[in-house]
$ cat entry_11.cif   # mmCIF, C-alpha atoms
data_start
loop_
_atom_site.label_atom_id
_atom_site.label_comp_id
_atom_site.auth_asym_id
_atom_site.auth_seq_id
_atom_site.Cartn_x
_atom_site.Cartn_y
_atom_site.Cartn_z
CA MET A 128 24.25 -48.80 15.81
CA LYS A 129 21.80 -48.48 12.92
CA LYS A 130 19.80 -45.99 14.96
CA ILE A 131 22.88 -43.89 15.61
CA ILE A 132 23.81 -43.89 11.90
CA ALA A 133 20.24 -42.97 10.93
CA THR A 134 20.16 -40.13 13.50
CA LEU A 135 23.53 -38.84 12.36
CA THR A 136 22.42 -38.96 8.72
CA LEU A 137 19.26 -37.03 9.57
CA ILE A 138 21.25 -34.42 11.48
CA LEU A 139 23.65 -34.13 8.56
CA ILE A 140 20.79 -33.67 6.06
CA ALA A 141 19.06 -31.11 8.31
CA THR A 142 22.30 -29.17 8.85
CA THR A 143 23.10 -29.21 5.13
CA SER A 144 19.65 -27.95 4.19
CA PHE A 145 19.81 -25.29 6.93
CA ALA A 146 23.22 -24.20 5.67
CA GLN A 147 21.88 -24.12 2.10
CA ASN A 148 18.99 -21.91 3.22
CA ILE A 149 21.35 -19.49 4.93
CA ASP A 150 23.58 -19.53 1.89
CA GLN A 151 20.59 -18.88 -0.42
CA SER A 152 19.34 -16.06 1.84
CA GLU A 153 22.73 -14.40 1.58
CA GLN A 154 22.57 -14.73 -2.21
CA VAL A 155 19.09 -13.15 -2.25
CA LYS A 156 20.37 -10.30 -0.07
CA ALA A 157 23.31 -9.70 -2.38
CA PHE A 158 21.07 -9.92 -5.47
CA ILE A 159 18.52 -7.35 -4.20
CA ASN A 160 21.27 -5.09 -2.88
CA ASP A 161 22.89 -5.21 -6.28
CA VAL A 162 19.66 -4.42 -8.20
CA GLY A 163 18.69 -1.58 -5.80
CA THR A 164 22.14 -0.04 -5.78
CA GLN A 165 22.43 -0.27 -9.57
CA ILE A 166 19.13 1.61 -10.03
CA ILE A 167 20.07 4.34 -7.53
CA LYS A 168 23.50 4.69 -9.14
CA ILE A 169 22.07 5.05 -12.65
CA ALA A 170 19.37 7.47 -11.42
CA ALA A 171 22.02 9.66 -9.77
CA ASP A 172 24.44 9.60 -12.72
CA LYS A 173 24.28 13.13 -14.09
CA LYS A 174 26.68 12.26 -16.92
CA LEU A 175 23.98 10.16 -18.56
CA SER A 176 21.20 11.75 -20.58
CA SER A 177 17.64 11.21 -19.42
CA GLU A 178 17.15 8.81 -22.34
CA GLN A 179 20.27 6.80 -21.39
CA ARG A 180 19.22 6.63 -17.75
CA LYS A 181 15.81 5.37 -18.77
CA SER A 182 17.22 2.69 -21.10
CA ASN A 183 19.86 1.56 -18.56
CA ILE A 184 17.22 1.19 -15.83
CA ILE A 185 14.92 -0.63 -18.24
CA SER A 186 17.73 -3.09 -18.92
CA VAL A 187 18.30 -3.68 -15.15
CA ILE A 188 14.57 -4.27 -14.58
CA ASP A 189 14.29 -6.51 -17.65
CA GLN A 190 17.13 -8.73 -16.44
CA SER A 191 15.88 -8.98 -12.86
CA ILE A 192 12.16 -9.74 -13.14
CA ASP A 193 10.33 -12.84 -14.35
CA ALA A 194 7.80 -11.03 -16.54
CA ASP A 195 6.25 -14.28 -17.84
CA TRP A 196 5.46 -15.49 -14.34
CA ILE A 197 4.04 -12.13 -13.27
CA ALA A 198 1.99 -11.89 -16.46
CA ARG A 199 0.37 -15.21 -15.63
CA PHE A 200 -0.22 -14.18 -12.03
CA VAL A 201 -1.88 -10.87 -12.88
CA LEU A 202 -4.19 -12.52 -15.43
CA ALA A 203 -5.50 -14.81 -12.65
CA LYS A 204 -8.82 -16.45 -13.60
CA ASN A 205 -8.68 -14.84 -17.04
CA TYR A 206 -5.67 -17.01 -17.78
CA ASN A 207 -7.96 -20.04 -18.02
CA THR A 208 -10.44 -18.45 -20.38
CA ALA A 209 -7.89 -16.69 -22.63
CA SER A 210 -6.94 -18.31 -25.93
CA ASP A 211 -3.33 -19.34 -26.54
CA SER A 212 -2.73 -16.40 -28.82
CA GLN A 213 -4.22 -13.97 -26.27
CA LYS A 214 -1.97 -15.44 -23.56
CA GLU A 215 1.08 -15.15 -25.76
CA ASN A 216 0.18 -11.62 -26.82
CA PHE A 217 -0.46 -10.56 -23.23
CA ALA A 218 2.85 -11.98 -21.95
CA LYS A 219 4.72 -10.10 -24.69
CA LEU A 220 2.87 -6.82 -24.09
CA TYR A 221 3.06 -7.12 -20.32
CA ARG A 222 6.87 -7.31 -20.34
CA GLU A 223 7.02 -4.17 -22.45
CA PHE A 224 4.43 -2.47 -20.26
CA MET A 225 6.38 -3.22 -17.07
CA ILE A 226 9.77 -2.08 -18.25
CA ASN A 227 8.43 1.04 -19.96
CA THR A 228 6.27 2.03 -16.98
CA TYR A 229 8.87 1.49 -14.27
CA GLY A 230 12.00 2.46 -16.24
CA PRO A 231 11.03 6.14 -16.37
CA LYS A 232 9.67 6.08 -12.81
CA PHE A 233 12.83 4.63 -11.28
CA GLN A 234 15.04 7.16 -13.03
CA ASN A 235 13.79 9.65 -10.41
CA TYR A 236 14.84 7.33 -7.58
CA ASN A 237 18.13 9.02 -6.89
CA GLY A 238 17.88 8.09 -3.23
CA ARG A 239 20.55 8.50 -0.64
CA LYS A 240 20.55 4.96 0.56
CA PHE A 241 19.19 1.52 -0.23
CA GLU A 242 19.64 -1.31 2.21
CA VAL A 243 18.35 -4.87 2.50
CA LEU A 244 17.45 -5.32 6.16
CA SER A 245 16.50 -9.00 6.27
CA VAL A 246 15.66 -11.99 4.10
CA SER A 247 13.12 -14.60 5.16
CA LYS A 248 11.83 -17.73 3.45
CA GLN A 249 8.09 -18.10 2.83
CA GLY A 250 7.18 -21.29 1.01
CA ASN A 251 9.11 -21.31 -2.23
CA PHE A 252 9.89 -17.62 -2.04
CA TYR A 253 12.30 -15.33 -0.35
CA ILE A 254 11.08 -12.02 1.02
CA ALA A 255 13.77 -9.36 1.11
CA LYS A 256 12.74 -6.53 3.42
CA SER A 257 14.51 -3.34 2.49
CA GLU A 258 14.61 0.35 3.18
CA PHE A 259 14.98 3.16 0.70
CA LEU A 260 15.88 6.67 1.77
CA PRO A 261 14.75 9.27 -0.79
CA GLN A 262 16.98 12.27 -1.48
CA ASP A 263 14.56 14.84 -0.07
CA SER A 264 13.22 12.96 2.94
CA LYS A 265 14.36 11.84 6.36
CA THR A 266 11.81 9.04 6.57
CA PRO A 267 12.85 5.78 4.92
CA VAL A 268 10.33 3.97 2.73
CA ASP A 269 9.69 0.28 3.47
CA VAL A 270 10.02 -1.81 0.36
CA SER A 271 10.00 -5.59 0.06
CA PHE A 272 10.86 -7.84 -2.83
CA ARG A 273 9.52 -11.32 -3.49
CA VAL A 274 12.26 -13.42 -5.02
CA LYS A 275 12.38 -16.93 -6.45
CA GLU A 276 15.05 -19.09 -7.99
CA LYS A 277 14.31 -19.97 -11.58
CA ASN A 278 16.65 -22.20 -13.58
CA GLY A 279 19.50 -21.47 -11.18
CA LYS A 280 18.98 -17.70 -11.42
CA LEU A 281 17.32 -15.43 -8.89
CA VAL A 282 14.38 -13.40 -10.22
CA ILE A 283 12.10 -10.74 -8.72
CA LEU A 284 8.38 -11.53 -8.75
CA ASP A 285 6.92 -8.69 -6.73
CA PHE A 286 7.67 -5.30 -5.31
CA VAL A 287 5.78 -4.31 -2.14
CA ALA A 288 5.93 -0.64 -1.12
CA GLU A 289 4.51 0.33 2.29
CA GLY A 290 2.42 -2.85 2.35
CA VAL A 291 1.01 -2.50 -1.17
CA SER A 292 1.98 -5.27 -3.57
CA LEU A 293 2.53 -4.24 -7.16
CA ILE A 294 1.36 -7.50 -8.71
CA GLU A 295 -1.64 -7.87 -6.40
CA THR A 296 -2.78 -4.34 -7.27
CA GLN A 297 -2.23 -4.96 -10.98
CA ARG A 298 -4.14 -8.22 -10.76
CA SER A 299 -7.12 -6.39 -9.30
CA GLU A 300 -6.87 -3.56 -11.82
CA PHE A 301 -6.35 -5.72 -14.93
CA ASN A 302 -9.11 -8.18 -14.05
CA SER A 303 -11.55 -5.38 -13.42
CA ALA A 304 -10.63 -3.76 -16.76
CA ILE A 305 -10.88 -7.11 -18.59
CA SER A 306 -14.29 -7.89 -17.08
CA GLN A 307 -15.59 -4.53 -18.29
CA LYS A 308 -14.04 -4.36 -21.76
CA GLY A 309 -13.21 -7.94 -22.70
CA MET A 310 -9.76 -9.40 -23.30
CA ASP A 311 -9.28 -8.23 -26.89
CA GLN A 312 -10.11 -4.61 -26.13
CA PHE A 313 -7.88 -4.71 -23.06
CA LEU A 314 -4.97 -5.99 -25.16
CA GLU A 315 -5.57 -3.13 -27.62
CA ASP A 316 -5.56 -0.62 -24.75
CA LEU A 317 -2.37 -2.14 -23.40
CA LYS A 318 -0.73 -1.84 -26.82
CA ALA A 319 -1.79 1.80 -27.12
CA ARG A 320 -0.47 2.53 -23.62
CA ILE A 321 2.95 1.01 -24.43
CA ALA A 322 3.17 3.10 -27.62
CA LYS A 323 2.39 6.21 -25.54
CA LEU A 324 4.93 5.28 -22.83
CA LYS A 325 7.65 4.79 -25.42
CA THR A 326 7.21 8.29 -26.79
CA GLN A 327 7.30 9.89 -23.33
CA LYS A 328 10.61 11.05 -21.96
CA MET B 247 -30.37 11.81 17.83
CA ASN B 248 -27.94 10.08 20.10
CA LYS B 249 -29.94 6.84 19.97
CA ASP B 250 -30.12 7.00 16.19
CA TYR B 251 -26.36 7.11 15.92
CA ILE B 252 -25.91 4.24 18.36
CA ALA B 253 -28.41 2.17 16.37
CA PHE B 254 -26.51 2.98 13.19
CA PHE B 255 -23.27 1.98 14.84
CA ILE B 256 -24.68 -1.34 16.05
CA SER B 257 -26.02 -2.06 12.59
CA ILE B 258 -22.56 -1.49 11.12
CA PHE B 259 -21.17 -4.03 13.57
CA LEU B 260 -23.86 -6.52 12.61
CA ILE B 261 -22.95 -6.10 8.97
CA LEU B 262 -19.34 -6.69 9.86
CA PHE B 263 -20.20 -9.96 11.55
CA SER B 264 -22.26 -11.08 8.59
CA PHE B 265 -19.31 -10.42 6.29
CA ASN B 266 -16.95 -12.43 8.40
CA SER B 267 -15.43 -14.36 5.54
CA TYR B 268 -12.15 -14.58 3.73
CA SER B 269 -10.29 -11.38 3.09
CA ALA B 270 -7.26 -10.67 0.95
CA LYS B 271 -4.10 -11.15 2.95
CA MET B 272 -0.61 -10.78 1.60
CA ASP B 273 0.78 -13.50 3.83
CA ASP B 274 -1.55 -16.06 2.32
CA ILE B 275 -0.34 -15.20 -1.14
CA SER B 276 3.25 -15.63 -0.19
CA GLN B 277 2.64 -18.96 1.50
CA ASP B 278 1.14 -20.41 -1.63
CA ASP B 279 3.21 -22.29 -4.10
CA PHE B 280 1.88 -20.05 -6.90
CA ASP B 281 2.56 -22.76 -9.43
CA ASP B 282 -0.81 -24.14 -10.50
CA ILE B 283 -3.54 -23.85 -7.96
CA GLU B 284 -2.86 -20.15 -7.39
CA PHE B 285 -3.82 -19.16 -10.91
CA THR B 286 -6.99 -21.17 -11.05
CA SER B 287 -8.44 -20.20 -7.68
CA GLU B 288 -11.25 -17.87 -8.61
CA ASN B 289 -12.21 -15.01 -6.30
CA LYS B 290 -9.67 -16.03 -3.70
CA PHE B 291 -8.28 -12.54 -3.47
CA GLN B 292 -11.29 -10.73 -4.80
CA ILE B 293 -12.16 -7.78 -2.62
CA LYS B 294 -15.69 -7.77 -1.21
CA ASP B 295 -17.41 -4.89 -2.88
CA PRO B 296 -21.18 -5.50 -2.85
CA LEU B 297 -21.82 -1.76 -3.30
CA GLU B 298 -19.56 -1.46 -6.35
CA LYS B 299 -22.21 0.20 -8.50
CA TYR B 300 -22.87 2.87 -5.88
CA ASN B 301 -19.17 3.12 -4.97
CA ARG B 302 -18.16 3.79 -8.59
CA LYS B 303 -20.69 6.64 -8.77
CA ILE B 304 -19.35 8.19 -5.56
CA PHE B 305 -15.81 7.64 -6.85
CA SER B 306 -16.63 9.60 -10.06
CA PHE B 307 -18.27 12.33 -7.98
CA ASN B 308 -15.19 12.54 -5.72
CA GLU B 309 -12.92 12.67 -8.77
CA SER B 310 -14.91 15.59 -10.20
CA VAL B 311 -14.89 17.50 -6.90
CA ASP B 312 -11.20 16.79 -6.49
CA LYS B 313 -10.24 17.87 -10.00
CA CYS B 314 -12.26 21.06 -9.82
CA CYS B 315 -11.38 22.19 -6.29
CA ILE B 316 -9.49 20.07 -3.76
CA GLU B 317 -6.55 19.20 -6.02
CA TYR B 318 -5.97 22.90 -6.83
CA VAL B 319 -5.94 23.80 -3.14
CA ALA B 320 -3.52 20.95 -2.35
CA ARG B 321 -1.18 21.93 -5.21
CA ALA B 322 -1.31 25.60 -4.23
CA TYR B 323 -0.56 24.56 -0.65
CA ARG B 324 2.48 22.56 -1.81
CA LYS B 325 3.69 25.34 -4.10
CA GLY B 326 2.98 28.33 -1.87
CA MET B 327 3.87 26.99 1.55
CA PRO B 328 7.55 26.30 2.35
CA LYS B 329 8.37 22.72 3.28
CA PHE B 330 9.28 23.51 6.89
CA ALA B 331 5.89 25.20 7.37
CA ARG B 332 4.06 22.20 5.90
CA THR B 333 6.07 19.88 8.16
CA SER B 334 5.17 22.03 11.19
CA ILE B 335 1.49 21.91 10.27
CA ARG B 336 1.67 18.12 9.83
CA ASN B 337 3.41 17.77 13.20
CA PHE B 338 0.74 19.93 14.81
CA LEU B 339 -2.09 17.85 13.29
CA ASN B 340 -0.39 14.57 14.22
CA ASN B 341 0.01 15.84 17.76
CA LEU B 342 -3.68 16.69 17.96
CA TYR B 343 -4.48 13.14 16.89
CA SER B 344 -2.00 11.46 19.23
CA PRO B 345 -4.38 11.02 22.22
CA ILE B 346 -6.50 8.85 19.90
CA SER B 347 -3.40 6.88 18.89
CA VAL B 348 -2.56 6.38 22.57
CA PHE B 349 -6.15 5.26 23.25
CA ASN B 350 -6.05 2.73 20.39
CA SER B 351 -2.53 1.51 21.18
CA VAL B 352 -3.69 0.77 24.75
CA LEU B 353 -6.81 -1.01 23.46
CA GLN B 354 -4.60 -3.17 21.25
CA GLY B 355 -2.29 -3.97 24.17
CA LYS B 356 0.72 -2.54 22.31
CA THR B 357 2.79 -1.42 25.30
CA ASP B 358 5.73 0.03 23.34
CA ASN B 359 3.45 1.94 20.99
CA SER B 360 1.31 3.25 23.84
CA LEU B 361 4.33 4.55 25.71
CA SER B 362 6.01 6.09 22.67
CA ASN B 363 2.77 7.77 21.50
CA PHE B 364 2.06 9.06 25.01
CA SER B 365 5.63 10.35 25.45
CA SER B 366 5.55 11.87 21.98
CA PHE B 367 2.32 13.72 22.85
CA LEU B 368 3.68 15.02 26.18
CA ILE B 369 7.06 16.11 24.81
CA ASN B 370 5.77 17.68 21.61
CA THR B 371 2.89 19.51 23.29
CA THR B 372 5.23 21.11 25.84
CA VAL B 373 8.80 21.35 24.49
CA GLY B 374 7.57 21.15 20.89
CA ILE B 375 5.28 24.17 21.46
CA GLY B 376 1.84 22.69 20.91
CA GLY B 377 3.16 20.00 18.57
CA ILE B 378 4.66 22.30 15.93
CA PHE B 379 8.10 20.76 16.41
CA ASP B 380 8.57 17.02 16.49
CA VAL B 381 11.10 17.07 19.33
CA ALA B 382 10.21 13.50 20.38
CA GLY B 383 10.82 12.16 16.84
CA LYS B 384 14.30 13.72 16.84
CA LYS B 385 15.05 11.90 20.09
CA GLY B 386 14.04 8.60 18.54
CA ILE B 387 10.55 8.43 20.11
CA ASN B 388 8.48 7.75 17.05
CA TYR B 389 4.82 8.47 16.74
CA ASN B 390 2.76 5.63 15.23
CA GLN B 391 -0.76 6.54 14.23
CA GLU B 392 -3.35 4.02 15.41
CA ASP B 393 -7.10 4.30 14.82
CA PHE B 394 -10.13 2.32 15.96
CA GLY B 395 -10.39 0.58 12.58
CA GLN B 396 -6.92 -0.83 13.27
CA THR B 397 -8.01 -1.81 16.78
CA LEU B 398 -10.96 -3.75 15.33
CA GLY B 399 -8.58 -5.32 12.80
CA HIS B 400 -6.19 -6.24 15.59
CA TYR B 401 -9.01 -8.24 17.25
CA GLY B 402 -9.74 -10.21 14.10
CA PHE B 403 -12.36 -8.14 12.29
CA ASN B 404 -11.67 -8.18 8.60
CA TYR B 405 -12.51 -5.14 6.53
CA GLY B 406 -16.05 -6.40 5.92
CA PHE B 407 -16.74 -4.68 2.62
CA TYR B 408 -15.26 -1.85 0.63
CA ILE B 409 -17.02 1.49 0.57
CA VAL B 410 -16.28 4.86 -1.03
CA LEU B 411 -17.40 7.81 1.09
CA PRO B 412 -18.36 11.14 -0.47
CA ILE B 413 -15.35 13.52 -0.33
CA LEU B 414 -13.55 11.34 2.26
CA GLY B 415 -12.77 8.57 -0.25
CA PRO B 416 -11.92 4.88 0.25
CA SER B 417 -12.99 3.12 3.43
CA SER B 418 -14.53 -0.15 4.57
CA GLY B 419 -17.31 -1.25 6.89
CA ARG B 420 -14.80 -1.79 9.68
CA ASP B 421 -12.80 1.38 9.06
CA PHE B 422 -15.86 3.60 8.75
CA SER B 423 -17.16 2.33 12.13
CA GLY B 424 -13.71 3.04 13.55
CA PHE B 425 -13.69 6.49 11.99
CA LEU B 426 -16.98 7.41 13.69
CA VAL B 427 -15.71 6.19 17.06
CA ASP B 428 -12.36 8.03 16.76
CA LYS B 429 -14.00 11.30 15.77
CA SER B 430 -16.47 11.08 18.63
CA VAL B 431 -13.95 10.12 21.31
CA ASN B 432 -11.51 12.87 20.33
CA PRO B 433 -12.55 16.03 22.20
CA ILE B 434 -11.41 18.32 19.41
CA GLU B 435 -13.09 16.46 16.57
CA LEU B 436 -16.69 16.27 15.38
CA ASN B 437 -18.62 14.20 17.92
CA PHE B 438 -20.74 12.15 15.49
CA LEU B 439 -21.90 9.63 18.06
CA ASP B 440 -22.45 12.16 20.88
CA ILE B 441 -20.11 10.15 23.10
CA GLY B 442 -19.91 11.87 26.49
CA GLY B 443 -22.94 14.02 25.68
CA GLU B 444 -23.56 16.62 23.03
CA GLU B 445 -21.11 19.09 24.53
CA ASN B 446 -17.96 19.73 22.57
CA PHE B 447 -14.63 20.66 23.98
CA ILE B 448 -13.89 23.45 21.55
CA ASN B 449 -15.87 25.79 19.34
CA SER B 450 -17.26 24.18 16.20
CA ASN B 451 -15.52 26.71 13.93
CA TYR B 452 -12.15 25.51 15.19
CA ARG B 453 -13.16 21.91 14.71
CA ILE B 454 -14.22 22.56 11.14
CA GLY B 455 -10.99 24.48 10.56
CA ILE B 456 -8.89 21.61 11.89
CA ALA B 457 -10.84 19.06 9.80
CA MET B 458 -10.28 21.16 6.65
CA MET B 459 -6.59 21.68 7.36
CA SER B 460 -6.19 17.99 7.98
CA GLY B 461 -7.92 17.25 4.65
CA ILE B 462 -5.63 19.60 2.71
CA ASP B 463 -2.56 18.12 4.42
CA LYS B 464 -3.70 14.57 3.53
CA ARG B 465 -4.47 15.48 -0.08
CA GLU B 466 -1.09 17.18 -0.43
CA SER B 467 0.64 14.03 0.82
CA PHE B 468 -1.22 11.97 -1.81
CA ILE B 469 -0.52 14.26 -4.80
CA ASP B 470 2.15 12.02 -6.37
CA ILE B 471 0.36 8.72 -5.70
CA ILE B 472 -2.95 9.97 -7.12
CA ASP B 473 -1.16 11.45 -10.16
CA ASP B 474 0.46 8.06 -10.79
CA ILE B 475 -2.83 6.17 -10.47
CA ARG B 476 -4.65 8.59 -12.79
CA GLN B 477 -1.88 8.35 -15.35
CA ASP B 478 -1.03 4.64 -15.21
CA SER B 479 -4.11 2.71 -14.21
CA PHE B 480 -6.51 1.00 -16.60
CA ASP B 481 -9.15 1.18 -13.89
CA PRO B 482 -8.27 3.76 -11.19
CA TYR B 483 -11.24 2.67 -9.06
CA ALA B 484 -9.97 -0.94 -8.86
CA THR B 485 -6.37 0.17 -8.28
CA LEU B 486 -7.30 2.43 -5.38
CA ARG B 487 -9.58 -0.23 -3.90
CA SER B 488 -6.87 -2.87 -3.93
CA ALA B 489 -4.18 -0.49 -2.64
CA TYR B 490 -6.44 0.73 0.18
CA ILE B 491 -7.33 -2.77 1.43
CA GLN B 492 -3.70 -3.94 1.26
CA ARG B 493 -2.38 -0.83 2.99
CA ARG B 494 -4.84 -1.12 5.88
CA ASP B 495 -4.03 -4.81 6.22
CA SER B 496 -0.34 -3.98 6.50
CA GLU B 497 -0.98 -1.17 9.03
CA ILE B 498 -2.94 -3.57 11.23
CA LYS B 499 -0.14 -6.15 11.16
CA LYS B 500 2.50 -3.61 12.18
#

$ encode --input "entry_11.cif" --output "structure tokens"
Amino acid sequence: MKKIIATLTLILIATTSFAQNIDQSEQVKAFINDVGTQIIKIAADKKLSSEQRKSNIISVIDQSIDADWIARFVLAKNYNTASDSQKENFAKLYREFMINTYGPKFQNYNGRKFEVLSVSKQGNFYIAKSEFLPQDSKTPVDVSFRVKEKNGKLVILDFVAEGVSLIETQRSEFNSAISQKGMDQFLEDLKARIAKLKTQK
Amino acid sequence: MNKDYIAFFISIFLILFSFNSYSAKMDDISQDDFDDIEFTSENKFQIKDPLEKYNRKIFSFNESVDKCCIEYVARAYRKGMPKFARTSIRNFLNNLYSPISVFNSVLQGKTDNSLSNFSSFLINTTVGIGGIFDVAGKKGINYNQEDFGQTLGHYGFNYGFYIVLPILGPSSGRDFSGFLVDKSVNPIELNFLDIGGEENFINSNYRIGIAMMSGIDKRESFIDIIDDIRQDSFDPYATLRSAYIQRRDSEIKK
């Protein structure tokens, strides 16, 4: 009898966790669909000025990504050698860098279609494989998002276009720049870049 | 001459074997927890670039050549040539390359890919008038480019080490070996390794013409990406290196 109860309990736990996974996958799908569609909608909205489009997209990106986590990831080994103030400064600058770099870029993404094709679980992450169909092309672009739940909220950690991961590429680029110029100079360059990005339309 | 090339080729393979260590793989990143160990693991995803000093010099040289000549030609090509004409030229070039894609798909044991590339070649060469029209693509038979670098990758060779080639740009030990094999096996390309003898299928002027057209078409397709890297990157060399290795890795896994 005990064995039967134990087996039933195990089955119940397994089924519940399986159901939770499916449920969570659906949530991830809805979340990415929502972010992608919002960006396309803003980019295609001709009523908005270029400045408004840029700021609306910046706000969507800012709410959807975990900039602190990504900042720590892209610093990689330099995270251990950086002082607390450098870390803090970098995290602050990195958030601004991300939203001001990709805000203006995404305002040109007035694609015809955005669709999440599948969501799979890899470790603690969800990978949402999606397709984006640009306005002037018949070939869809493969884009994937790496998503994680943080404090009960889903957040985007990475954007992979045609097999190239944004954060992995930035990690390589930033670490190479830091090893050549040193952390302080790199932070100065980052600050100067943000100032330049903010003045660009 | 023939023997020299074969010796060179064998040496490349030997280098590849000696570099048979960990390479950056996206799947490994995603399997990690990311929480603590990920940030402290030094060099885990560092790209093998023992020739970095030389590569950076070649990269600067390529940038100068590109900015003074190639980029202008590619922009003029985009501006002056209507889109349908550029698409036709791309279809034609893809069609010329498709026997090599069939060859590599077969070597990789990819039955679906082999059949679709073979059908695509047959249909486009005949109904598509020498490959100018992608008739097969419109019927849902998609062409998937496969090269010998991908074949080597399919059988477990990692990229070995990163290398920047003069004019041709980013490559790796594995992909450069593959490049030499593909060019030599293809009857209409430059037979670097003298495979099948020194005879060439078509006149060398045509081969050079095709190689140049193919280069302009490639550069035109990269205009926006290269503009972005030049404008946004703090170290364009490192950005291109990382993007190249990741992209090839993803093409091999397809």

$ atom_distance --input "entry_11.cif" --atom1 "CA of Tyr408 (chain B)" --atom2 "CA of Asp295 (chain B)"
5.1 Å

$ closest_residue --input "entry_11.cif" --among "A:Ser210, A:Gln312, A:Gln249, A:Thr134" --to "chain B" --atoms "all atoms listed in the file"
A:Gln249

$ resolve_selection --input "entry_11.cif" --expression "the PyMOL selection byres ((chain A and resi 242) around 9)" --output "ChimeraX atom specification"
/A:159-160,163-164,240-241,243-244,256-260

$ resolve_selection --input "entry_11.cif" --expression "the PyMOL selection byres ((chain A) within 9 of (chain B))" --output "PyMOL selection string"
chain A and resi 199-207+228+249-252+254+273+289-293+295-297+299-304+313+316-317+320

$ resolve_selection --input "entry_11.cif" --expression "the PyMOL selection byres ((chain B and resi 469) around 12)" --output "PyMOL selection string"
chain B and resi 312-313+316-325+462-468+470-476

$ axis_aligned_box --input "entry_11.cif" --around "region 226-241 of chain A" --padding-each-side "5 Å" --output "AutoDock Vina command-line options"
--center_x 13.4 --center_y 3.8 --center_z -9.7 --size_x 24.3 --size_y 21.7 --size_z 30.5

$ closest_residue --input "entry_11.cif" --among "B:Ser460, B:Ser423, B:Asn388, B:Thr397" --to "Gly355 (chain B)" --atoms "all atoms listed in the file"
B:Thr397

$ atom_distance --input "entry_11.cif" --atom1 "CA of Ile283 (chain A)" --atom2 "CA of Tyr236 (chain A)"
18.3 Å

$ atom_distance --input "entry_11.cif" --atom1 "CA of Phe403 (chain B)" --atom2 "CA of Asn363 (chain B)"
23.8 Å

$ residues_around --input "entry_11.cif" --residues "Val282 (chain A)" --least-positions-apart "5" --cutoff "7 Å" --atoms "all atoms listed in the file" --output "list of chain:residue names"
A:Ser191, A:Ile192, A:Asp193, A:Val274, A:Lys275, A:Glu276, A:Lys277
